[in-house]
Structure formats: structure tokens, C-alpha cells
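Participant: The structure file data01.pdb (PDB, C-alpha atoms) is provided below.
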ATOM      1  CA  PRO B   1       5.917 -13.981  -2.199
ATOM      2  CA  GLN B   2       4.203 -15.814  -5.095
ATOM      3  CA  VAL B   3       1.252 -13.415  -4.940
ATOM      4  CA  LEU B   4       3.661 -10.480  -4.920
ATOM      5  CA  ASP B   5       5.461 -11.944  -7.940
ATOM      6  CA  VAL B   6       2.198 -12.156  -9.909
ATOM      7  CA  LEU B   7       1.234  -8.610  -8.979
ATOM      8  CA  ALA B   8       4.697  -7.296  -9.882
ATOM      9  CA  ARG B   9       4.590  -8.944 -13.326
ATOM     10  CA  HIS B  10       1.438  -6.975 -14.083
ATOM     11  CA  ASP B  11       2.151  -3.719 -12.215
ATOM     12  CA  ALA B  12      -0.932  -4.416 -10.106
ATOM     13  CA  LEU B  13      -1.434  -3.184  -6.567
ATOM     14  CA  ALA B  14      -3.294  -4.846  -3.705
ATOM     15  CA  THR B  15      -4.084  -4.509  -0.031
ATOM     16  CA  PHE B  16      -2.702  -7.195   2.261
ATOM     17  CA  CYS B  17      -4.679  -7.792   5.448
ATOM     18  CA  VAL B  18      -2.161  -8.882   8.055
ATOM     19  CA  VAL B  19      -2.876 -11.301  10.901
ATOM     20  CA  GLY B  20      -0.471 -10.538  13.739
ATOM     21  CA  GLU B  21       0.247 -14.185  14.521
ATOM     22  CA  GLN B  22       1.642 -14.509  10.978
ATOM     23  CA  ILE B  23       4.129 -11.642  11.256
ATOM     24  CA  PRO B  24       6.985 -13.461  13.066
ATOM     25  CA  GLY B  25       9.135 -15.049  10.388
ATOM     26  CA  ASN B  26       7.490 -13.044   7.604
ATOM     27  CA  GLU B  27       9.016  -9.646   8.282
ATOM     28  CA  ASP B  28      10.757  -9.574   4.887
ATOM     29  CA  VAL B  29       7.439 -10.224   3.171
ATOM     30  CA  LEU B  30       5.876  -7.255   4.990
ATOM     31  CA  ARG B  31       8.790  -5.069   3.942
ATOM     32  CA  ARG B  32       8.417  -6.214   0.344
ATOM     33  CA  ILE B  33       4.655  -5.580   0.364
ATOM     34  CA  HIS B  34       5.253  -2.014   1.466
ATOM     35  CA  ALA B  35       8.283  -1.428  -0.778
ATOM     36  CA  GLU B  36       6.312  -2.494  -3.859
ATOM     37  CA  GLY B  37       3.551   0.030  -3.142
ATOM     38  CA  HIS B  38       0.884  -2.228  -1.694
ATOM     39  CA  ARG B  39      -1.133  -1.311   1.398
ATOM     40  CA  LEU B  40      -0.816  -3.142   4.707
ATOM     41  CA  CYS B  41      -4.153  -3.639   6.438
ATOM     42  CA  ASN B  42      -4.862  -4.621  10.037
ATOM     43  CA  HIS B  43      -6.651  -7.991  10.327
ATOM     44  CA  THR B  44      -6.268  -8.546  14.121
ATOM     45  CA  VAL B  45      -3.755 -10.596  16.046
ATOM     46  CA  SER B  46      -5.512 -13.955  16.041
ATOM     47  CA  HIS B  47      -8.257 -13.765  13.389
ATOM     48  CA  ASP B  48     -10.816 -14.380  16.135
ATOM     49  CA  TYR B  49     -14.269 -14.893  14.599
ATOM     50  CA  GLY B  50     -15.746 -14.202  18.022
ATOM     51  CA  LEU B  51     -14.174 -10.736  18.230
ATOM     52  CA  PRO B  52     -17.491  -8.818  18.387
ATOM     53  CA  ALA B  53     -18.411 -10.671  21.606
ATOM     54  CA  ARG B  54     -15.116  -9.892  23.332
ATOM     55  CA  PRO B  55     -14.750  -7.141  25.933
ATOM     56  CA  PRO B  56     -13.857  -3.716  24.487
ATOM     57  CA  ALA B  57     -10.316  -3.866  25.901
ATOM     58  CA  GLN B  58      -9.667  -7.187  24.163
ATOM     59  CA  ILE B  59     -11.025  -5.882  20.866
ATOM     60  CA  ARG B  60      -8.747  -2.857  21.157
ATOM     61  CA  ASP B  61      -5.765  -5.074  21.971
ATOM     62  CA  GLU B  62      -6.441  -7.413  19.008
ATOM     63  CA  ILE B  63      -6.399  -4.423  16.674
ATOM     64  CA  SER B  64      -3.791  -2.112  18.200
ATOM     65  CA  THR B  65      -1.242  -4.882  18.676
ATOM     66  CA  VAL B  66      -1.172  -5.650  14.938
ATOM     67  CA  SER B  67      -0.692  -1.999  14.069
ATOM     68  CA  ASP B  68       2.191  -1.866  16.538
ATOM     69  CA  GLN B  69       3.704  -5.063  15.112
ATOM     70  CA  ILE B  70       3.531  -3.733  11.566
ATOM     71  CA  SER B  71       5.038  -0.424  12.675
ATOM     72  CA  GLN B  72       7.950  -2.249  14.266
ATOM     73  CA  VAL B  73       8.712  -4.019  10.982
ATOM     74  CA  VAL B  74       7.789  -1.230   8.538
ATOM     75  CA  PRO B  75       7.861   2.037  10.519
ATOM     76  CA  GLU B  76       6.979   4.166   7.489
ATOM     77  CA  ALA B  77       3.804   2.186   6.659
ATOM     78  CA  GLU B  78       0.485   3.790   7.425
ATOM     79  CA  VAL B  79      -1.940   1.220   8.815
ATOM     80  CA  VAL B  80      -5.246   2.949   8.175
ATOM     81  CA  VAL B  81      -7.388   0.090   6.859
ATOM     82  CA  PHE B  82      -9.006  -2.595   9.021
ATOM     83  CA  ARG B  83     -10.718  -5.843   8.006
ATOM     84  CA  ALA B  84     -12.702  -7.731  10.605
ATOM     85  CA  PRO B  85     -12.193 -11.513  10.755
ATOM     86  CA  GLY B  86     -14.920 -13.282   8.812
ATOM     87  CA  GLY B  87     -16.435  -9.949   7.855
ATOM     88  CA  ARG B  88     -17.943  -9.523  11.303
ATOM     89  CA  PHE B  89     -18.086  -5.736  11.100
ATOM     90  CA  THR B  90     -20.206  -5.054  14.161
ATOM     91  CA  ALA B  91     -20.567  -1.512  15.474
ATOM     92  CA  ASN B  92     -18.353  -2.157  18.498
ATOM     93  CA  VAL B  93     -15.488  -3.536  16.371
ATOM     94  CA  VAL B  94     -15.776  -0.806  13.724
ATOM     95  CA  ASP B  95     -15.880   1.861  16.450
ATOM     96  CA  VAL B  96     -12.672   0.582  18.049
ATOM     97  CA  ALA B  97     -10.924   0.501  14.666
ATOM     98  CA  ALA B  98     -12.108   4.052  13.988
ATOM     99  CA  ASP B  99     -10.889   5.192  17.409
ATOM    100  CA  LEU B 100      -7.491   3.781  16.409
ATOM    101  CA  GLY B 101      -7.546   5.768  13.155
ATOM    102  CA  MET B 102      -8.624   3.021  10.780
ATOM    103  CA  THR B 103     -11.376   2.766   8.199
ATOM    104  CA  SER B 104     -13.113  -0.606   8.048
ATOM    105  CA  TRP B 105     -13.313  -2.251   4.627
ATOM    106  CA  ALA B 106     -15.041  -5.397   3.441
ATOM    107  CA  TRP B 107     -15.059  -7.164   0.096
ATOM    108  CA  SER B 108     -17.677  -7.358  -2.609
ATOM    109  CA  ILE B 109     -16.439 -10.617  -4.176
ATOM    110  CA  ASP B 110     -15.463 -13.647  -2.107
ATOM    111  CA  PRO B 111     -14.656 -16.643  -4.293
ATOM    112  CA  MET B 112     -14.007 -18.730  -1.158
ATOM    113  CA  ASP B 113     -10.512 -19.498  -2.410
ATOM    114  CA  TRP B 114      -9.578 -20.874   0.997
ATOM    115  CA  ARG B 115     -12.139 -23.659   0.501
ATOM    116  CA  THR B 116     -11.070 -24.947  -2.895
ATOM    117  CA  THR B 117      -8.039 -26.315  -4.680
ATOM    118  CA  GLU B 118      -9.658 -25.670  -8.074
ATOM    119  CA  THR B 119      -8.222 -22.657  -9.861
ATOM    120  CA  SER B 120     -11.142 -22.610 -12.308
ATOM    121  CA  VAL B 121     -13.664 -22.287  -9.462
ATOM    122  CA  ILE B 122     -11.903 -19.187  -8.148
ATOM    123  CA  VAL B 123     -11.533 -17.620 -11.604
ATOM    124  CA  THR B 124     -15.162 -18.268 -12.543
ATOM    125  CA  SER B 125     -16.451 -16.932  -9.221
ATOM    126  CA  VAL B 126     -14.565 -13.671  -9.690
ATOM    127  CA  LEU B 127     -15.366 -13.197 -13.375
ATOM    128  CA  ASP B 128     -19.065 -13.903 -12.801
ATOM    129  CA  ALA B 129     -19.280 -11.249 -10.089
ATOM    130  CA  VAL B 130     -16.805  -8.551 -11.100
ATOM    131  CA  ALA B 131     -18.119  -5.031 -11.556
ATOM    132  CA  PRO B 132     -16.673  -1.530 -11.304
ATOM    133  CA  ASP B 133     -15.261  -0.746  -7.844
ATOM    134  CA  ALA B 134     -15.222  -4.425  -6.857
ATOM    135  CA  VAL B 135     -13.114  -5.457  -3.896
ATOM    136  CA  ILE B 136     -11.938  -9.021  -4.513
ATOM    137  CA  LEU B 137     -11.006 -11.101  -1.475
ATOM    138  CA  LEU B 138      -8.235 -13.652  -1.971
ATOM    139  CA  HIS B 139      -6.073 -15.364   0.631
ATOM    140  CA  ASP B 140      -2.295 -15.707   0.623
ATOM    141  CA  GLY B 141      -2.086 -17.731   3.828
ATOM    142  CA  GLY B 142      -3.888 -20.430   5.747
ATOM    143  CA  GLY B 143      -2.772 -23.490   3.863
ATOM    144  CA  ASP B 144      -2.033 -24.441   0.295
ATOM    145  CA  ARG B 145      -2.685 -21.325  -1.761
ATOM    146  CA  SER B 146      -1.418 -22.660  -5.095
ATOM    147  CA  ALA B 147      -4.912 -22.470  -6.647
ATOM    148  CA  THR B 148      -5.246 -18.870  -5.501
ATOM    149  CA  VAL B 149      -1.866 -17.935  -6.969
ATOM    150  CA  ALA B 150      -2.766 -19.619 -10.261
ATOM    151  CA  ALA B 151      -6.182 -17.926 -10.304
ATOM    152  CA  LEU B 152      -4.614 -14.543  -9.647
ATOM    153  CA  ALA B 153      -2.165 -15.108 -12.510
ATOM    154  CA  GLU B 154      -5.160 -15.730 -14.812
ATOM    155  CA  LEU B 155      -7.413 -12.998 -13.439
ATOM    156  CA  VAL B 156      -5.065 -10.012 -13.435
ATOM    157  CA  PRO B 157      -4.314  -9.957 -17.183
ATOM    158  CA  VAL B 158      -7.889 -10.806 -18.148
ATOM    159  CA  LEU B 159      -9.377  -8.075 -15.973
ATOM    160  CA  ALA B 160      -6.715  -5.566 -17.025
ATOM    161  CA  SER B 161      -7.442  -6.313 -20.696
ATOM    162  CA  VAL B 162     -11.031  -5.120 -20.247
ATOM    163  CA  GLY B 163     -10.073  -1.976 -18.367
ATOM    164  CA  TYR B 164      -9.961  -2.892 -14.712
ATOM    165  CA  GLU B 165      -7.206  -1.397 -12.571
ATOM    166  CA  PHE B 166      -5.714  -2.971  -9.477
ATOM    167  CA  VAL B 167      -5.301  -0.472  -6.671
ATOM    168  CA  THR B 168      -4.953  -0.485  -2.915
ATOM    169  CA  LEU B 169      -7.921   0.209  -0.705
ATOM    170  CA  PRO B 170      -8.061   3.887   0.111
ATOM    171  CA  ALA B 171      -7.792   5.162   3.657
ATOM    172  CA  GLY B 172     -11.457   6.066   3.612
ATOM    173  CA  PRO B 173     -14.533   4.747   1.798
TER     174      PRO B 173
END
Translate this file's structure into C-alpha cells.
Facilitator:
Amino acid sequence: PQVLDVLARHDALATFCVVGEQIPGNEDVLRRIHAEGHRLCNHTVSHDYGLPARPPAQIRDEISTVSDQISQVVPEAEVVVFRAPGGRFTANVVDVAADLGMTSWAWSIDPMDWRTTETSVIVTSVLDAVAPDAVILLHDGGGDRSATVAALAELVPVLASVGYEFVTLPAGP
């Protein structure tokens, strides 16, 4: 909700990659994400870094289950974007996502916000790397995200002031 509040203050859009294990208890957050015009993205059930080594049926289940979960909470949401855990976009994982109607997307800037509690580190990492068409990866879960929220609150107005727009990932590259 804090990330959504920052984005709302600045009329900025984002794509939220949803881990299925995080959906129970956060249904209202999913509804708010969709209602405010953001995109919901499939990020597997369990965020399994070993997904590429799993049998094809397990890969399919990890991906299709999240889409089904999201559809149960937000039936009108199109789940057409997939992000592989840890960026492990192997051919077998990407092919399964494509078979399920999803385009795989990665990021171009990863400030490793999940590793730091220093807002300035996140801000500097993004500002040093930002370029047109950048896809910035930030995390809203997985522990204390106060530095990420603070960094986002700094980054959005600064980037907007120099002409950057905040949009959702498109359905296709």
C-alpha cells in the first residue's frame, strides 16, 4: 500500500509482479493495484529460483496457478506479463509462459533494493543507470521495504521532472 500511495501521489503507473504465496491476505491490495490502473504480472507461486530445472508440468503449474489466483481475486485483470524468479528466463520457462499467453519481461535496472536499508544506495543506483525505456526493478515485499518506499518517493518526482514517464509493461515487447 505504501508503494501504491507514492505512485498515486505522482500519477505514476507500475507493473506489480505477484508471487502466488503472497496473495492470501493481500486480496485488497491486488484489487487496488488493478483499480488504480497498474498491471498485475505473474511471478510464479513460490518464487522458485530452481524453476528452469523443474519438470515441464511443474513449471506450468507454478505459472498457471498464479494466473488463476489473480483471476479469482480480480476477474477483469489481464495477466499477460510474466517475470521469472531471479531473472532465470530460460527457453523452457519462457516457452511455458508463452503457451499460457504471457510475454516474459525482465528489468534493465536492478538497484538490489532487497539487499540494502540505505535509501541513498537505491536512488543512486537507479539515477546512475536510468536511460530511455528503462525497466526499473523494485521490491514491495520480502522484508522491510521502507528504504525502497523512500527511494521511490525520491525517484518518481526527480525522473518525472526530466521527462520520464511511469507506465506499465506492455503485453508484448
Participant: Just give me the gap between atom CA of Gly101 of chain B and atom CA of Glu76 of chain B in Å, one decimal is fine.
Facilitator: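 Separation between atom CA of Gly101 of chain B and atom CA of Glu76 of chain B: 15.7 Å.
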Participant: Let me make sure I understand: among B:Met112, B:Leu4, B:Leu138, B:Ala53, which one has the smallest atom-to-atom distance to Val29 of chain B if we use all atoms listed in the file?
Facilitator: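 Nearest to Val29 of chain B: B:Leu4.
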Participant: Using all atoms listed in the file, tabulate the residues of segment 57-82 of chain B lying at most 10 Å from any atom of segment 30-40 of chain B, each with its closest atom pair and that distance in Å to one decimal, by chain and increasing residue number, as JSON lines.
Facilitator:
{"residue": "B:Ser67", "atom": "CA", "partner": "B:Leu40", "partner_atom": "CA", "distance": 9.4}
{"residue": "B:Ile70", "atom": "CA", "partner": "B:Leu30", "partner_atom": "CA", "distance": 7.8}
{"residue": "B:Val73", "atom": "CA", "partner": "B:Arg31", "partner_atom": "CA", "distance": 7.1}
{"residue": "B:Val74", "atom": "CA", "partner": "B:Arg31", "partner_atom": "CA", "distance": 6.1}
{"residue": "B:Pro75", "atom": "CA", "partner": "B:Arg31", "partner_atom": "CA", "distance": 9.7}
{"residue": "B:Glu76", "atom": "CA", "partner": "B:His34", "partner_atom": "CA", "distance": 8.8}
{"residue": "B:Ala77", "atom": "CA", "partner": "B:His34", "partner_atom": "CA", "distance": 6.8}
{"residue": "B:Glu78", "atom": "CA", "partner": "B:Leu40", "partner_atom": "CA", "distance": 7.6}
{"residue": "B:Val79", "atom": "CA", "partner": "B:Leu40", "partner_atom": "CA", "distance": 6.1}
{"residue": "B:Val80", "atom": "CA", "partner": "B:Leu40", "partner_atom": "CA", "distance": 8.3}
{"residue": "B:Val81", "atom": "CA", "partner": "B:Leu40", "partner_atom": "CA", "distance": 7.6}
{"residue": "B:Phe82", "atom": "CA", "partner": "B:Leu40", "partner_atom": "CA", "distance": 9.3}
Participant: Between atom CA of Ala131 of chain B and atom CA of Asp110 of chain B, measure the distance and give it in Å to one decimal.
Facilitator: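 Calculated distance between atom CA of Ala131 of chain B and atom CA of Asp110 of chain B is 13.1 Å.
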Participant: The PyMOL selection byres ((chain B and resi 11) around 12) on the file shown: which residues, as a PyMOL selection string?
Facilitator: chain B and resi 4-10+12-14+36-38+156-157+160+165-167
Participant: Record the distance separating atom CA of Gln69 of chain B and atom CA of Thr103 of chain B, expressed in Å with one decimal.
Facilitator: 18.3 Å
Participant: Find the residues near Val19 of chain B: any atom within 8 Å, counting all atoms listed in the file, skip ones fewer than 5 places away on the same chain, and give them as number ranges by chain.
Facilitator: B: 42-47, 66
Participant: Written as an MDAnalysis selection string, which residues does the PyMOL selection byres ((chain B and resi 48-50) around 12) give for the file shown?
Facilitator: chainID B and resid 19:21 43:47 51:55 58:59 62:63 83:90 93
Participant: For segment 105-109 of chain B, please output as a ChimeraX atom specification all residues within 6 Å (counting only C-alpha atoms; exclusion window: fewer than 4 positions along the same chain).
Facilitator: /B:83,134-137
Participant: B:Cys41, B:Leu159, B:Ala150, B:Leu127: which is nearest Met102 of chain B, counting all atoms listed in the file?
Facilitator: B:Cys41
Participant: List the spatial neighbours of Thr124 of chain B as a list in words - criterion: any atom at most 12 Å away, all atoms listed in the file, same-chain residues fewer than 3 positions off excluded.
Facilitator: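 The neighbour list is Ile109, Asp110, Pro111, Met112, Asp113, Glu118, Thr119, Ser120, Val121, Leu127, Asp128, Ala129, Val130, Ala151, Leu152, Glu154, Leu155 and Val158 of chain B.
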Participant: Using only C-alpha atoms, pick whichever of B:Ser146, B:Ser104, B:Asp28, B:Asp133 has the shortest atom-to-atom distance to Tyr164 of chain B.
Facilitator: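 Of all the options, B:Asp133 lies closest to Tyr164 of chain B.
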